[in-house]
>>> print(open('final-v7.json').read())   # JSON, C-alpha atoms and all ligand atoms
[["chain", "number", "residue", "atom", "x", "y", "z"],
["M", 1, "MET", "CA", 132.16, 97.14, 90.83],
["M", 2, "HIS", "CA", 135.26, 95.67, 89.29],
["M", 3, "TYR", "CA", 138.36, 95.91, 91.40],
["M", 4, "ALA", "CA", 141.36, 96.29, 89.16],
["M", 5, "GLY", "CA", 143.17, 99.55, 89.64],
["M", 6, "HIS", "CA", 140.80, 100.94, 92.27],
["M", 7, "ALA", "CA", 142.07, 102.23, 95.59],
["M", 8, "ALA", "CA", 140.76, 100.47, 98.69],
["M", 9, "ILE", "CA", 141.14, 101.25, 102.39],
["M", 10, "VAL", "CA", 140.85, 98.42, 104.91],
["M", 11, "THR", "CA", 140.78, 99.32, 108.60],
["M", 12, "GLY", "CA", 142.05, 96.73, 111.04],
["M", 13, "GLY", "CA", 143.90, 95.48, 107.99],
["M", 14, "ALA", "CA", 146.95, 94.31, 109.92],
["M", 15, "SER", "CA", 145.21, 91.23, 111.34],
["M", 16, "GLY", "CA", 142.38, 88.74, 111.10],
["M", 17, "LEU", "CA", 139.34, 89.52, 108.98],
["M", 18, "GLY", "CA", 140.73, 92.84, 107.75],
["M", 19, "LEU", "CA", 144.00, 91.28, 106.66],
["M", 20, "ALA", "CA", 142.24, 88.47, 104.77],
["M", 21, "THR", "CA", 140.07, 91.04, 103.00],
["M", 22, "ALA", "CA", 143.06, 93.22, 102.14],
["M", 23, "GLN", "CA", 144.85, 90.18, 100.72],
["M", 24, "ALA", "CA", 141.82, 89.26, 98.60],
["M", 25, "LEU", "CA", 141.43, 92.81, 97.29],
["M", 26, "ALA", "CA", 145.13, 93.10, 96.47],
["M", 27, "ALA", "CA", 144.98, 89.77, 94.61],
["M", 28, "LEU", "CA", 142.11, 91.20, 92.55],
["M", 29, "GLY", "CA", 144.16, 94.23, 91.57],
["M", 30, "CYS", "CA", 143.13, 96.87, 94.11],
["M", 31, "LYS", "CA", 145.65, 99.37, 95.44],
["M", 32, "VAL", "CA", 145.23, 98.68, 99.13],
["M", 33, "THR", "CA", 145.88, 100.86, 102.18],
["M", 34, "LEU", "CA", 145.90, 99.16, 105.56],
["M", 35, "LEU", "CA", 144.87, 101.47, 108.35],
["M", 36, "ASP", "CA", 145.53, 100.02, 111.78],
["M", 37, "ARG", "CA", 146.41, 101.06, 115.30],
["M", 38, "ASN", "CA", 149.31, 98.62, 115.07],
["M", 39, "GLU", "CA", 151.53, 100.65, 112.76],
["M", 40, "GLU", "CA", 154.38, 98.16, 112.58],
["M", 41, "ALA", "CA", 152.12, 95.27, 111.56],
["M", 42, "ALA", "CA", 150.17, 97.49, 109.14],
["M", 43, "MET", "CA", 153.38, 98.49, 107.37],
["M", 44, "ALA", "CA", 154.76, 94.94, 107.31],
["M", 45, "ARG", "CA", 151.53, 93.41, 105.94],
["M", 46, "ALA", "CA", 151.11, 96.26, 103.43],
["M", 47, "CYS", "CA", 154.61, 95.66, 102.15],
["M", 48, "GLU", "CA", 153.65, 92.05, 101.32],
["M", 49, "LEU", "CA", 150.67, 93.36, 99.33],
["M", 50, "ASN", "CA", 152.58, 96.10, 97.55],
["M", 51, "GLY", "CA", 150.26, 98.49, 99.39],
["M", 52, "LEU", "CA", 150.44, 101.24, 101.96],
["M", 53, "GLY", "CA", 150.36, 100.74, 105.74],
["M", 54, "ILE", "CA", 149.39, 103.60, 108.05],
["M", 55, "GLY", "CA", 149.29, 103.62, 111.83],
["M", 56, "CYS", "CA", 146.11, 105.30, 113.01],
["M", 57, "ASP", "CA", 143.40, 105.10, 115.67],
["M", 58, "VAL", "CA", 140.08, 104.86, 113.82],
["M", 59, "ALA", "CA", 138.36, 106.84, 116.58],
["M", 60, "ASP", "CA", 140.63, 109.87, 116.17],
["M", 61, "ALA", "CA", 139.01, 112.45, 113.87],
["M", 62, "ALA", "CA", 142.16, 114.33, 112.83],
["M", 63, "GLY", "CA", 144.24, 111.15, 112.66],
["M", 64, "VAL", "CA", 141.80, 109.50, 110.24],
["M", 65, "GLU", "CA", 141.54, 112.64, 108.11],
["M", 66, "ALA", "CA", 145.35, 112.67, 107.83],
["M", 67, "ALA", "CA", 145.54, 108.92, 107.13],
["M", 68, "VAL", "CA", 142.90, 109.08, 104.38],
["M", 69, "ALA", "CA", 144.72, 112.07, 102.86],
["M", 70, "GLN", "CA", 147.96, 110.08, 102.87],
["M", 71, "ALA", "CA", 146.21, 107.12, 101.19],
["M", 72, "ARG", "CA", 144.66, 109.51, 98.65],
["M", 73, "SER", "CA", 147.98, 111.01, 97.66],
["M", 74, "ALA", "CA", 149.51, 107.55, 97.22],
["M", 75, "HIS", "CA", 146.65, 105.76, 95.42],
["M", 76, "GLY", "CA", 144.02, 108.37, 94.56],
["M", 77, "PRO", "CA", 140.65, 108.61, 96.36],
["M", 78, "ALA", "CA", 139.41, 105.19, 97.47],
["M", 79, "ARG", "CA", 136.32, 103.70, 95.86],
["M", 80, "VAL", "CA", 136.30, 100.88, 98.41],
["M", 81, "LEU", "CA", 136.31, 101.05, 102.20],
["M", 82, "VAL", "CA", 136.17, 97.95, 104.39],
["M", 83, "ASN", "CA", 135.85, 98.75, 108.09],
["M", 84, "CYS", "CA", 137.22, 95.86, 110.17],
["M", 85, "ALA", "CA", 139.01, 97.58, 113.07],
["M", 86, "GLY", "CA", 137.38, 96.64, 116.33],
["M", 87, "ILE", "CA", 137.89, 95.46, 119.87],
["M", 88, "GLY", "CA", 135.95, 92.98, 121.96],
["M", 89, "VAL", "CA", 135.97, 93.68, 125.68],
["M", 90, "ALA", "CA", 133.66, 91.75, 127.99],
["M", 91, "GLY", "CA", 132.33, 92.98, 131.32],
["M", 92, "ARG", "CA", 129.20, 92.58, 133.38],
["M", 93, "VAL", "CA", 126.99, 95.60, 134.05],
["M", 94, "VAL", "CA", 127.19, 94.76, 137.74],
["M", 95, "GLY", "CA", 130.40, 92.93, 138.57],
["M", 96, "ARG", "CA", 132.05, 91.78, 141.79],
["M", 97, "ASP", "CA", 133.41, 95.28, 142.36],
["M", 98, "GLY", "CA", 130.15, 97.09, 141.60],
["M", 99, "PRO", "CA", 128.92, 98.79, 138.46],
["M", 100, "GLN", "CA", 130.89, 98.40, 135.24],
["M", 101, "PRO", "CA", 133.26, 101.36, 134.88],
["M", 102, "LEU", "CA", 131.66, 103.73, 132.41],
["M", 103, "ALA", "CA", 135.03, 104.21, 130.72],
["M", 104, "ASP", "CA", 135.02, 100.51, 129.71],
["M", 105, "PHE", "CA", 131.66, 100.90, 127.97],
["M", 106, "GLU", "CA", 132.73, 104.16, 126.33],
["M", 107, "ARG", "CA", 135.96, 102.67, 124.97],
["M", 108, "VAL", "CA", 134.18, 99.88, 123.10],
["M", 109, "ILE", "CA", 131.60, 102.26, 121.65],
["M", 110, "ARG", "CA", 134.37, 104.67, 120.72],
["M", 111, "VAL", "CA", 136.43, 102.18, 118.72],
["M", 112, "ASN", "CA", 133.74, 99.95, 117.23],
["M", 113, "LEU", "CA", 130.93, 102.40, 116.53],
["M", 114, "ILE", "CA", 132.45, 105.89, 116.45],
["M", 115, "GLY", "CA", 135.62, 104.56, 114.79],
["M", 116, "THR", "CA", 133.60, 102.88, 112.04],
["M", 117, "PHE", "CA", 131.58, 106.05, 111.46],
["M", 118, "ASN", "CA", 134.69, 108.23, 111.58],
["M", 119, "VAL", "CA", 136.49, 106.42, 108.75],
["M", 120, "LEU", "CA", 133.26, 106.04, 106.81],
["M", 121, "ARG", "CA", 132.46, 109.78, 106.90],
["M", 122, "VAL", "CA", 135.93, 110.77, 105.65],
["M", 123, "ALA", "CA", 136.14, 108.08, 102.96],
["M", 124, "ALA", "CA", 132.55, 108.74, 101.79],
["M", 125, "ALA", "CA", 133.34, 112.43, 101.32],
["M", 126, "ASP", "CA", 136.02, 111.40, 98.81],
["M", 127, "MET", "CA", 133.78, 108.84, 97.08],
["M", 128, "VAL", "CA", 130.91, 111.25, 96.38],
["M", 129, "GLY", "CA", 133.30, 113.54, 94.49],
["M", 130, "LEU", "CA", 134.59, 110.80, 92.19],
["M", 131, "GLU", "CA", 133.55, 110.30, 88.59],
["M", 132, "ALA", "CA", 130.77, 107.70, 88.34],
["M", 133, "LEU", "CA", 131.73, 104.35, 86.82],
["M", 134, "PRO", "CA", 129.72, 103.14, 83.78],
["M", 135, "SER", "CA", 127.44, 101.28, 86.24],
["M", 136, "GLY", "CA", 126.62, 104.58, 87.97],
["M", 137, "GLU", "CA", 128.57, 103.53, 91.06],
["M", 138, "ARG", "CA", 131.07, 105.79, 92.75],
["M", 139, "GLY", "CA", 132.06, 103.62, 95.68],
["M", 140, "VAL", "CA", 131.18, 100.93, 98.17],
["M", 141, "ILE", "CA", 131.55, 100.67, 101.93],
["M", 142, "VAL", "CA", 131.54, 97.40, 103.88],
["M", 143, "ASN", "CA", 131.30, 97.56, 107.67],
["M", 144, "THR", "CA", 131.81, 94.81, 110.23],
["M", 145, "ALA", "CA", 129.23, 94.24, 112.95],
["M", 146, "SER", "CA", 128.85, 90.92, 114.78],
["M", 147, "CYS", "CA", 126.12, 88.40, 115.49],
["M", 148, "ALA", "CA", 126.34, 89.96, 118.99],
["M", 149, "ALA", "CA", 124.40, 92.86, 117.45],
["M", 150, "PHE", "CA", 121.40, 90.51, 117.48],
["M", 151, "ASP", "CA", 122.08, 87.89, 120.16],
["M", 152, "GLY", "CA", 124.64, 89.40, 122.50],
["M", 153, "GLN", "CA", 125.72, 87.32, 125.46],
["M", 154, "ILE", "CA", 125.98, 88.21, 129.14],
["M", 155, "GLY", "CA", 128.96, 90.52, 129.46],
["M", 156, "GLN", "CA", 128.58, 91.88, 125.94],
["M", 157, "ALA", "CA", 126.41, 94.94, 126.62],
["M", 158, "ALA", "CA", 129.03, 97.36, 125.30],
["M", 159, "TYR", "CA", 130.15, 95.15, 122.41],
["M", 160, "ALA", "CA", 126.57, 94.33, 121.36],
["M", 161, "ALA", "CA", 125.58, 98.01, 121.59],
["M", 162, "SER", "CA", 128.56, 99.04, 119.47],
["M", 163, "LYS", "CA", 127.85, 96.43, 116.81],
["M", 164, "GLY", "CA", 124.09, 97.05, 116.96],
["M", 165, "GLY", "CA", 124.92, 100.67, 116.19],
["M", 166, "VAL", "CA", 126.98, 99.65, 113.17],
["M", 167, "ALA", "CA", 124.10, 97.50, 111.88],
["M", 168, "ALA", "CA", 121.52, 100.23, 112.58],
["M", 169, "MET", "CA", 123.39, 102.99, 110.77],
["M", 170, "THR", "CA", 123.86, 100.89, 107.62],
["M", 171, "LEU", "CA", 120.44, 101.63, 106.11],
["M", 172, "PRO", "CA", 120.25, 105.38, 106.80],
["M", 173, "ILE", "CA", 123.75, 105.89, 105.40],
["M", 174, "ALA", "CA", 122.98, 103.73, 102.36],
["M", 175, "ARG", "CA", 119.83, 105.79, 101.80],
["M", 176, "GLU", "CA", 121.73, 109.06, 102.11],
["M", 177, "LEU", "CA", 124.57, 108.04, 99.79],
["M", 178, "ALA", "CA", 122.32, 106.34, 97.21],
["M", 179, "ARG", "CA", 122.02, 109.48, 95.10],
["M", 180, "PHE", "CA", 125.80, 109.45, 94.69],
["M", 181, "GLY", "CA", 125.94, 105.79, 93.71],
["M", 182, "VAL", "CA", 127.78, 104.84, 96.92],
["M", 183, "ARG", "CA", 126.60, 101.57, 98.48],
["M", 184, "VAL", "CA", 126.88, 100.58, 102.14],
["M", 185, "ALA", "CA", 126.50, 97.08, 103.57],
["M", 186, "THR", "CA", 127.53, 95.35, 106.76],
["M", 187, "ILE", "CA", 128.71, 91.85, 107.57],
["M", 188, "ALA", "CA", 127.76, 90.41, 110.96],
["M", 189, "PRO", "CA", 130.23, 87.56, 111.55],
["M", 190, "GLY", "CA", 129.68, 84.70, 113.96],
["M", 191, "LEU", "CA", 132.85, 83.10, 115.38],
["M", 192, "PHE", "CA", 135.93, 83.36, 113.20],
["M", 193, "GLN", "CA", 139.39, 81.95, 113.54],
["M", 194, "THR", "CA", 141.39, 85.15, 113.90],
["M", 195, "PRO", "CA", 144.32, 85.78, 116.27],
["M", 196, "LEU", "CA", 141.74, 86.51, 118.97],
["M", 197, "LEU", "CA", 140.30, 82.99, 118.93],
["M", 198, "ALA", "CA", 143.28, 81.20, 117.39],
["M", 199, "ASN", "CA", 145.16, 81.79, 120.63],
["M", 200, "LEU", "CA", 142.65, 79.71, 122.57],
["M", 201, "PRO", "CA", 143.62, 76.08, 123.24],
["M", 202, "GLN", "CA", 142.47, 73.67, 120.52],
["M", 203, "ASP", "CA", 139.82, 72.05, 122.77],
["M", 204, "ALA", "CA", 138.29, 75.46, 123.52],
["M", 205, "GLN", "CA", 138.21, 76.24, 119.79],
["M", 206, "ASP", "CA", 136.64, 72.84, 119.13],
["M", 207, "SER", "CA", 133.91, 73.40, 121.70],
["M", 208, "LEU", "CA", 133.10, 76.84, 120.26],
["M", 209, "GLY", "CA", 133.01, 75.29, 116.80],
["M", 210, "ALA", "CA", 130.73, 72.47, 117.96],
["M", 211, "ALA", "CA", 128.05, 75.04, 118.90],
["M", 212, "ILE", "CA", 127.77, 76.09, 115.27],
["M", 213, "PRO", "CA", 125.06, 74.14, 113.36],
["M", 214, "PHE", "CA", 126.87, 73.83, 110.02],
["M", 215, "PRO", "CA", 129.68, 73.82, 109.29],
["M", 216, "SER", "CA", 130.54, 72.96, 112.92],
["M", 217, "ARG", "CA", 133.78, 74.88, 113.06],
["M", 218, "LEU", "CA", 135.02, 78.43, 113.37],
["M", 219, "GLY", "CA", 134.73, 80.56, 110.27],
["M", 220, "LYS", "CA", 137.82, 81.12, 108.17],
["M", 221, "PRO", "CA", 138.94, 84.71, 107.54],
["M", 222, "GLU", "CA", 138.94, 83.92, 103.80],
["M", 223, "GLU", "CA", 135.20, 83.20, 104.05],
["M", 224, "PHE", "CA", 134.66, 86.68, 105.46],
["M", 225, "ALA", "CA", 136.86, 88.12, 102.71],
["M", 226, "ASP", "CA", 134.82, 86.23, 100.07],
["M", 227, "LEU", "CA", 131.63, 87.93, 101.27],
["M", 228, "ALA", "CA", 133.27, 91.36, 101.43],
["M", 229, "VAL", "CA", 134.51, 90.89, 97.86],
["M", 230, "HIS", "CA", 131.06, 89.76, 96.75],
["M", 231, "ILE", "CA", 129.40, 92.81, 98.32],
["M", 232, "ILE", "CA", 131.86, 95.05, 96.49],
["M", 233, "ALA", "CA", 131.17, 93.27, 93.18],
["M", 234, "ASN", "CA", 127.37, 92.96, 93.39],
["M", 235, "PRO", "CA", 125.75, 96.30, 92.58],
["M", 236, "TYR", "CA", 122.35, 95.21, 93.90],
["M", 237, "LEU", "CA", 123.55, 94.62, 97.47],
["M", 238, "ASN", "CA", 122.88, 97.76, 99.46],
["M", 239, "GLY", "CA", 121.66, 98.90, 102.87],
["M", 240, "GLU", "CA", 121.73, 95.39, 104.37],
["M", 241, "THR", "CA", 123.45, 93.63, 107.26],
["M", 242, "ILE", "CA", 124.29, 90.01, 106.38],
["M", 243, "ARG", "CA", 124.96, 87.40, 109.06],
["M", 244, "LEU", "CA", 127.87, 85.09, 108.24],
["M", 245, "ASP", "CA", 127.74, 82.54, 111.02],
["M", 246, "GLY", "CA", 126.91, 78.94, 109.97],
["M", 247, "ALA", "CA", 123.42, 79.45, 111.54],
["M", 248, "LEU", "CA", 124.94, 80.14, 114.98],
["M", 249, "ARG", "CA", 122.59, 81.78, 117.48],
["M", 250, "MET", "CA", 124.56, 82.58, 120.58],
["M", 251, "ALA", "CA", 123.33, 81.37, 123.96],
["M", 252, "PRO", "CA", 122.95, 83.79, 126.89],
["M", 253, "LYS", "CA", 126.41, 82.78, 128.13],
["M", 301, "LIG", "N1", 136.82, 87.04, 115.01],
["M", 301, "LIG", "C1", 135.54, 86.91, 115.27],
["M", 301, "LIG", "O1", 135.07, 85.84, 115.64],
["M", 301, "LIG", "C2", 134.62, 88.10, 115.10],
["M", 301, "LIG", "C3", 133.25, 87.89, 115.27],
["M", 301, "LIG", "C4", 132.38, 88.95, 115.11],
["M", 301, "LIG", "C5", 132.85, 90.20, 114.79],
["M", 301, "LIG", "N2", 134.19, 90.39, 114.63],
["M", 301, "LIG", "C6", 134.64, 91.75, 114.30],
["M", 301, "LIG", "O2", 135.48, 91.69, 113.18],
["M", 301, "LIG", "C7", 136.42, 92.74, 113.23],
["M", 301, "LIG", "C8", 137.82, 92.18, 113.03],
["M", 301, "LIG", "O3", 138.09, 91.29, 114.10],
["M", 301, "LIG", "P1", 139.27, 90.24, 114.07],
["M", 301, "LIG", "O4", 138.75, 89.01, 114.67],
["M", 301, "LIG", "O5", 139.88, 90.22, 112.73],
["M", 301, "LIG", "O6", 140.23, 90.88, 115.15],
["M", 301, "LIG", "P2", 141.81, 91.13, 115.15],
["M", 301, "LIG", "O7", 142.12, 91.50, 116.56],
["M", 301, "LIG", "O8", 142.53, 89.99, 114.51],
["M", 301, "LIG", "O9", 141.97, 92.41, 114.20],
["M", 301, "LIG", "C9", 141.48, 93.67, 114.56],
["M", 301, "LIG", "C10", 142.46, 94.71, 114.07],
["M", 301, "LIG", "O10", 141.92, 96.00, 114.41],
["M", 301, "LIG", "C11", 142.96, 96.81, 114.90],
["M", 301, "LIG", "N3", 142.40, 97.85, 115.77],
["M", 301, "LIG", "C12", 141.83, 97.68, 116.99],
["M", 301, "LIG", "N4", 141.47, 98.87, 117.49],
["M", 301, "LIG", "C13", 141.83, 99.80, 116.58],
["M", 301, "LIG", "C14", 141.73, 101.21, 116.52],
["M", 301, "LIG", "N5", 141.20, 101.93, 117.52],
["M", 301, "LIG", "N6", 142.19, 101.86, 115.43],
["M", 301, "LIG", "C15", 142.75, 101.16, 114.40],
["M", 301, "LIG", "N7", 142.88, 99.82, 114.40],
["M", 301, "LIG", "C16", 142.41, 99.15, 115.47],
["M", 301, "LIG", "C17", 143.88, 95.86, 115.64],
["M", 301, "LIG", "O11", 145.19, 96.40, 115.78],
["M", 301, "LIG", "C18", 143.84, 94.62, 114.74],
["M", 301, "LIG", "O12", 144.88, 94.66, 113.77],
["M", 301, "LIG", "C19", 136.22, 93.44, 114.58],
["M", 301, "LIG", "O13", 135.42, 94.59, 114.37],
["M", 301, "LIG", "C20", 135.46, 92.40, 115.39],
["M", 301, "LIG", "O14", 134.64, 92.99, 116.37],
["M", 301, "LIG", "C21", 135.09, 89.38, 114.79]]
>>> encode(input="final-v7.json", output="structure tokens")
Amino acid sequence: MHYAGHAAIVTGGASGLGLATAQALAALGCKVTLLDRNEEAAMARACELNGLGIGCDVADAAGVEAAVAQARSAHGPARVLVNCAGIGVAGRVVGRDGPQPLADFERVIRVNLIGTFNVLRVAAADMVGLEALPSGERGVIVNTASCAAFDGQIGQAAYAASKGGVAAMTLPIARELARFGVRVATIAPGLFQTPLLANLPQDAQDSLGAAIPFPSRLGKPEEFADLAVHIIANPYLNGETIRLDGALRMAPK
């Protein structure tokens, strides 16, 4: 799908991988809406992209419906959705104080898995009603999982389960939406230099980077954005989860 003039929604667009993707899409001519829990940052970053910033919790059904409606009235229904909003909370199943609080597990599943599905279901409902492009496509959805979906570390039960869910739902949703010409694919990043990791001391970043076969460094958000943009452009990419990790396979801890 070509980008120019199309409306795109990027969740988690105020920071990190989502922001880099939003910047790339805006540079290619998309009308971009940033949907982020951090309303102030979403609005500030959107302003730089001549886009729209909306404060919203991706896991809130009514909030997302209202946010997508607001984006629709500003830019028209989105043909592109990139789901990047997510949280990474670590915790052992059995910690020093006993079993992991169930609420901790639920919160990660709620934001990463249910939040991804929530925005996807609302945006997809708009896409299926759009006029098909000459290629037969109506829209494309890119989700963000993690290599933890496949090799989660100790302490990542909730995070790995949430991201495993995102990877697992990619194919059935792609199959369902195929008859409408809406594609769905997922990126499973390794370790990327976003505010999360950029705040670590340089030696800690270096040692994380050294564990990556090649290139032995953290991924750059622009490299994630490049893949998201490629998925959107390549009509034959569908139903797949792609690792983007420099051949990293995470150790147990
Ligand atoms: N950085 C990495 O190394 C890495 C690796 C694997 C997967 N990921 C995944 O990539 C995605 C982006 O991560 P990042 O590194 O850019 O993180 P980040 O913290 O820089 O950005 C995440 C954004 O999501 C927003 N957000 C969080 N919860 C939200 C909610 N409930 N509703 C709306 N917005 C919410 C935050 O405000 C933030 O702006 C996440 O899903 C993360 O799990 C990141």
>>> closest_residue(input="final-v7.json", among="M:Ile141, M:Ile54, M:Ala26, M:Cys147", to="ligand LIG 301 (chain M)", atoms="all atoms listed in the file")
M:Cys147
>>> closest_residue(input="final-v7.json", among="M:Thr241, M:Ala46, M:Leu196, M:Leu248", to="M:Pro215", atoms="all atoms listed in the file")
M:Leu248
>>> closest_residue(input="final-v7.json", among="M:Ala174, M:Met1, M:Leu227, M:Val80", to="M:Pro134", atoms="only C-alpha atoms")
M:Met1
>>> closest_residue(input="final-v7.json", among="M:Ala149, M:Leu133, M:Ile173, M:Leu17", to="M:Ile242", atoms="only C-alpha atoms")
M:Ala149
>>> residues_around(input="final-v7.json", residues="M:Ala124", least_positions_apart="6", cutoff="9 Å", atoms="all atoms listed in the file", output="list of chain:residue names")
M:Ala78, M:Arg79, M:Leu81, M:Gly139, M:Val140, M:Ile141, M:Leu177, M:Val182
>>> write_last_selection(input="final-v7.json", atoms="C-alpha atoms", output="mmCIF file, in the coordinates of the input")
data_model
loop_
_atom_site.group_PDB
_atom_site.id
_atom_site.type_symbol
_atom_site.label_atom_id
_atom_site.label_comp_id
_atom_site.auth_asym_id
_atom_site.auth_seq_id
_atom_site.Cartn_x
_atom_site.Cartn_y
_atom_site.Cartn_z
ATOM 1 C CA ALA M 78 139.410 105.190 97.470
ATOM 2 C CA ARG M 79 136.320 103.700 95.860
ATOM 3 C CA LEU M 81 136.310 101.050 102.200
ATOM 4 C CA GLY M 139 132.060 103.620 95.680
ATOM 5 C CA VAL M 140 131.180 100.930 98.170
ATOM 6 C CA ILE M 141 131.550 100.670 101.930
ATOM 7 C CA LEU M 177 124.570 108.040 99.790
ATOM 8 C CA VAL M 182 127.780 104.840 96.920
#
>>> residues_near_point(input="final-v7.json", point="(142.0, 99.5, 94.8)", cutoff="9 Å", atoms="all atoms listed in the file", output="list in words")
Tyr3, Ala4, Gly5, His6, Ala7, Ala8, Ile9, Leu25, Ala26, Leu28, Gly29, Cys30, Lys31, Val32, Thr33, His75, Ala78, Arg79 and Val80 of chain M
>>> closest_atom_pairs(input="final-v7.json", of="chain M", to="ligand LIG 301 (chain M)", cutoff="9 Å", atoms="all atoms listed in the file", output="CSV")
residue,atom,partner,partner_atom,distance
M:Thr11,CA,M:LIG301,N7,6.2
M:Gly12,CA,M:LIG301,O10,3.5
M:Gly13,CA,M:LIG301,O12,5.9
M:Ala14,CA,M:LIG301,O12,4.4
M:Ser15,CA,M:LIG301,O12,4.2
M:Gly16,CA,M:LIG301,O5,3.3
M:Leu17,CA,M:LIG301,O5,3.9
M:Gly18,CA,M:LIG301,O5,5.7
M:Leu19,CA,M:LIG301,O5,7.4
M:Ala20,CA,M:LIG301,O5,8.5
M:Leu35,CA,M:LIG301,C15,6.4
M:Asp36,CA,M:LIG301,N7,3.7
M:Arg37,CA,M:LIG301,C15,3.8
M:Asn38,CA,M:LIG301,O11,4.7
M:Glu39,CA,M:LIG301,O11,8.2
M:Ala41,CA,M:LIG301,O12,7.6
M:Ala42,CA,M:LIG301,O12,7.6
M:Gly55,CA,M:LIG301,C15,7.4
M:Cys56,CA,M:LIG301,C15,5.5
M:Asp57,CA,M:LIG301,N6,3.5
M:Val58,CA,M:LIG301,N6,4.0
M:Ala59,CA,M:LIG301,N5,5.7
M:Asp60,CA,M:LIG301,N5,8.1
M:Asn83,CA,M:LIG301,O13,7.5
M:Cys84,CA,M:LIG301,C7,4.4
M:Ala85,CA,M:LIG301,O10,3.6
M:Gly86,CA,M:LIG301,O13,3.4
M:Ile87,CA,M:LIG301,C12,5.4
M:Gly88,CA,M:LIG301,O14,5.7
M:Arg110,CA,M:LIG301,N5,8.0
M:Val111,CA,M:LIG301,N5,4.9
M:Asn112,CA,M:LIG301,O13,6.3
M:Gly115,CA,M:LIG301,N5,6.7
M:Thr116,CA,M:LIG301,O13,8.8
M:Asn143,CA,M:LIG301,O13,8.4
M:Thr144,CA,M:LIG301,O13,5.5
M:Ala145,CA,M:LIG301,C5,5.7
M:Ser146,CA,M:LIG301,C4,4.1
M:Cys147,CA,M:LIG301,C4,6.3
M:Ala148,CA,M:LIG301,C4,7.2
M:Tyr159,CA,M:LIG301,O14,7.8
M:Lys163,CA,M:LIG301,O14,7.6
M:Ile187,CA,M:LIG301,C5,8.5
M:Ala188,CA,M:LIG301,C5,6.4
M:Pro189,CA,M:LIG301,C4,4.4
M:Gly190,CA,M:LIG301,C3,5.0
M:Leu191,CA,M:LIG301,O1,3.5
M:Phe192,CA,M:LIG301,O1,3.6
M:Gln193,CA,M:LIG301,N1,5.9
M:Thr194,CA,M:LIG301,O4,4.7
M:Pro195,CA,M:LIG301,O8,4.9
M:Leu196,CA,M:LIG301,O7,5.6
M:Leu197,CA,M:LIG301,N1,6.6
M:Leu218,CA,M:LIG301,O1,7.8
M:Gly219,CA,M:LIG301,O1,7.5
M:Pro221,CA,M:LIG301,O5,7.6
M:Asp245,CA,M:LIG301,C3,8.8
>>> atom_distance(input="final-v7.json", atom1="atom CA of M:Ala103", atom2="atom CA of M:Val142")
27.9 Å
>>> closest_residue(input="final-v7.json", among="M:Gly63, M:Gly129, M:Pro77, M:Gly165", to="M:Val108", atoms="only C-alpha atoms")
M:Gly165
